[in-house]
Amino acid sequence: MPRVSFDGYQRGMLLRQGPRLTPPGFVRGALNLAMVGGRIRSRPGLKPAHGAAFPSPIRGAGTHYRSDGTRDYLVASGAAMYRMPLYGDPILLPLTGLPSTEQTRVDPTGGVRFLSLSGGNNTTFIFDGVNPNLKWDGTALSKMGLPTPALPDAPIADAGAAIGAGTYDYYQTVRSAVHESELSEGTRVTLAAGTAGLQFTFPVDGIDFDDPQVTQWSLYRTQAGGAQRFLVGTKDLGVVINDHLTDLVLGVGIPAEELVNMPPDDVNGPRPESRFVVLAEHQGLVWGVDNFDRSLVHFSYGTAEYMAPEGWPIERVLPVAHGDGDEITALMSFHEWLVVFKQLTTWAITGAIDKGFQVIPVLAATGGRRLGIGCIAADAILHRENELIFPSRDGFYLISRFASPSGGLEATKISDPIDGLYNCTNFALGAAAVYDRNKRVYVFLGHG
């Protein structure tokens, strides 16, 4: 069988014969291809988009959209991450912004994916199902999510207004520029009548938590004998917080929000060692599938007013045909639906955060025997205006937004004329899709 090799940018990709005997149908020279006027045409050469070569195999690439509209091109090469200036040499992104235990990564041979959040969020998540989840803010790499700090140290007395007699529980969190951690375990303090206020020292990186992106900390307290936690104050790391708030003043303040930093790693959290394998943005939330259970779709914390993309409450999860032995391969935001592709089936999540979500099946609109209308090549899904086109085990399917009068989604097979050719595709070697918007031509490229 022939093998593919690369012979510089002058003549493009060439097929070298091997073994020496030329097999039937062997193509001695096959140049690079380009879409011109809706047709595939040969292209003598391609100019590299960067200067120096990457030192390891490229495992994935993505675009980061900054708040000012400019872009960063990010490339995963082996276990390392690079920023790629157009026609310049790749710039290695240091891992010093990660926790000390996560600054060594392994080569994710299965590929790396990127999700750049919309709305000027200036955040791109980087995930591969193997290494801890990362984020890029245009300046530095850091960990997705924050660790839960240790409980507050015992306070000391602080002269000033008295808090009031009673038993109180104190908690602390750590903060980055865009996110807040979970509440720590509580420190209980009992005060007698007339006791002055209290002073709490700040948590220390490397002792109470391990994450260089933390810049601030917050202190929370219950009312005497109560359970709800309210904010006492927020300060930069290195600055103490003094508490002189009576229960009356505290109770009209800001209550703590339980964001739950899951699935990002947290040894004290409910889901340690979790890694994302799929991520998508839909209806102002981030949706994801982690490596623990690939039939569960998690969605991040958020309301109609704002999104906390690094907070994942444990109750925000939807099972999709759980227990069927299949795995989710891709998520695609499709207008009011989030389409969930498994290997053998396809589903849609409908609804809204304030009304609840439902999972419904996407059925084949035509009869006959089906091997399943799941997606077997997640990178070959095409979203074109009101249509989705994707490769399944037995052909290409089209999902149209207005196909079903019942308001659901239907998948129509559109590749019957090329079934024989399609069945020769070896999806284990990869597949891709190209769409020419001028000529409205969809091209699928698969090994076979």
# chains A, B, ... in the order shown; residues from 1 in each chain; ligands from 1

call {"tool": "residues_around", "arguments": {"residues": "A:Glu385", "least_positions_apart": "4", "cutoff": "10 Å", "atoms": "only C-alpha atoms", "output": "JSON, numbers by chain"}}
result
{"A": [334, 335, 400, 401]}

call {"tool": "write_last_selection", "arguments": {"atoms": "C-alpha atoms", "output": "CSV table (one decimal), in the first residue's frame"}}
result
chain,number,residue,atom,x,y,z
A,334,PHE,CA,-27.9,24.7,16.9
A,335,HIS,CA,-30.1,27.7,17.5
A,400,SER,CA,-32.7,21.0,9.3
A,401,ARG,CA,-34.1,23.5,11.8

call {"tool": "closest_residue", "arguments": {"among": "A:Thr123, A:Ser184, A:Ser300, A:Ser142", "to": "A:Gln103", "atoms": "only C-alpha atoms"}}
result
A:Ser142

call {"tool": "closest_atom_pairs", "arguments": {"of": "stretch 272-306 of chain A", "to": "stretch 321-329 of chain A", "cutoff": "10 Å", "atoms": "only C-alpha atoms", "output": "tab-separated table"}}
result
residue	atom	partner	partner_atom	distance
A:Val277	CA	A:Thr329	CA	8.3
A:Val278	CA	A:Thr329	CA	7.2
A:Val289	CA	A:Ile328	CA	7.5
A:Asp290	CA	A:Ile328	CA	9.8
A:Asp293	CA	A:Glu327	CA	8.4
A:Arg294	CA	A:Glu327	CA	5.1
A:Ser295	CA	A:His322	CA	5.3
A:Leu296	CA	A:His322	CA	7.1
A:Val297	CA	A:Ile328	CA	8.7

call {"tool": "residues_around", "arguments": {"residues": "A:Ile126", "least_positions_apart": "2", "cutoff": "8 Å", "atoms": "only C-alpha atoms", "output": "PyMOL selection string"}}
result
chain A and resi 112-115+124+128+133-136

call {"tool": "select_by_dssp", "arguments": {"residues": "stretch 72-291 of chain A", "states": "helix (DSSP H, G or I)", "output": "list in words"}}
result
Ser100, Thr101, Glu102, Asp247, Leu248, Val249, Leu250 and Gly251 of chain A

call {"tool": "write_last_selection", "arguments": {"atoms": "C-alpha atoms", "output": "tab-separated table (two decimals), in the first residue's frame"}}
result
chain	number	residue	atom	x	y	z
A	100	SER	CA	3.07	23.20	41.13
A	101	THR	CA	1.80	19.62	40.76
A	102	GLU	CA	0.41	20.26	37.25
A	247	ASP	CA	-25.89	39.96	62.62
A	248	LEU	CA	-28.30	42.67	61.51
A	249	VAL	CA	-25.75	44.32	59.23
A	250	LEU	CA	-24.39	40.99	58.00
A	251	GLY	CA	-27.85	39.68	57.05

call {"tool": "select_by_dssp", "arguments": {"residues": "stretch 97-145 of chain A", "states": "strand (DSSP E or B)", "output": "number ranges by chain"}}
result
A: 113-116, 124-127, 134-136, 141-143

call {"tool": "residues_around", "arguments": {"residues": "A:Gln199", "least_positions_apart": "6", "cutoff": "12 Å", "atoms": "only C-alpha atoms", "output": "PyMOL selection string"}}
result
chain A and resi 152-160+163+170+189+219+232-233+239-245

call {"tool": "write_last_selection", "arguments": {"atoms": "C-alpha atoms", "output": "PDB file, in the first residue's frame"}}
result
ATOM      1  CA  PRO A 152      -9.517  29.815  58.199  1.00  0.00           C
ATOM      2  CA  ASP A 153      -6.924  30.017  60.950  1.00  0.00           C
ATOM      3  CA  ALA A 154      -8.161  30.793  64.449  1.00  0.00           C
ATOM      4  CA  PRO A 155      -8.728  34.564  64.667  1.00  0.00           C
ATOM      5  CA  ILE A 156      -7.320  37.050  67.142  1.00  0.00           C
ATOM      6  CA  ALA A 157      -9.195  39.837  68.897  1.00  0.00           C
ATOM      7  CA  ASP A 158      -9.452  43.174  67.119  1.00  0.00           C
ATOM      8  CA  ALA A 159     -10.312  46.363  68.967  1.00  0.00           C
ATOM      9  CA  GLY A 160     -13.447  48.122  67.799  1.00  0.00           C
ATOM     10  CA  ILE A 163     -19.990  41.518  66.788  1.00  0.00           C
ATOM     11  CA  TYR A 170     -16.307  31.330  59.435  1.00  0.00           C
ATOM     12  CA  VAL A 189     -15.899  30.775  67.095  1.00  0.00           C
ATOM     13  CA  LEU A 219     -14.178  35.747  54.337  1.00  0.00           C
ATOM     14  CA  VAL A 232     -17.657  39.713  55.537  1.00  0.00           C
ATOM     15  CA  GLY A 233     -15.088  41.149  53.141  1.00  0.00           C
ATOM     16  CA  VAL A 239      -4.003  41.652  53.719  1.00  0.00           C
ATOM     17  CA  VAL A 240      -5.985  40.621  56.819  1.00  0.00           C
ATOM     18  CA  ILE A 241      -9.776  40.937  57.144  1.00  0.00           C
ATOM     19  CA  ASN A 242     -11.382  42.365  60.291  1.00  0.00           C
ATOM     20  CA  ASP A 243     -14.926  41.465  61.290  1.00  0.00           C
ATOM     21  CA  HIS A 244     -16.996  43.987  63.243  1.00  0.00           C
ATOM     22  CA  LEU A 245     -20.377  43.269  61.624  1.00  0.00           C
TER      23      LEU A 245
END

call {"tool": "closest_residue", "arguments": {"among": "A:Gly311, A:Asn122, A:Gly111, A:Glu182", "to": "A:Asp72", "atoms": "only C-alpha atoms"}}
result
A:Asn122

call {"tool": "closest_residue", "arguments": {"among": "A:Arg105, A:His50, A:Arg175, A:His64", "to": "A:Ala80", "atoms": "only C-alpha atoms"}}
result
A:Arg105

call {"tool": "residues_around", "arguments": {"residues": "A:Ala256", "least_positions_apart": "5", "cutoff": "9 Å", "atoms": "only C-alpha atoms", "output": "PyMOL selection string"}}
result
chain A and resi 183+220+228-231

call {"tool": "residues_around", "arguments": {"residues": "A:Ala411", "least_positions_apart": "5", "cutoff": "7 Å", "atoms": "only C-alpha atoms", "output": "list of chain:residue names"}}
result
A:Val362, A:Leu363, A:Ala364, A:Ala365, A:Tyr397, A:Leu398, A:Ile399

call {"tool": "atom_distance", "arguments": {"atom1": "atom CA of A:Met144", "atom2": "atom CA of A:Met84"}}
result
21.9 Å
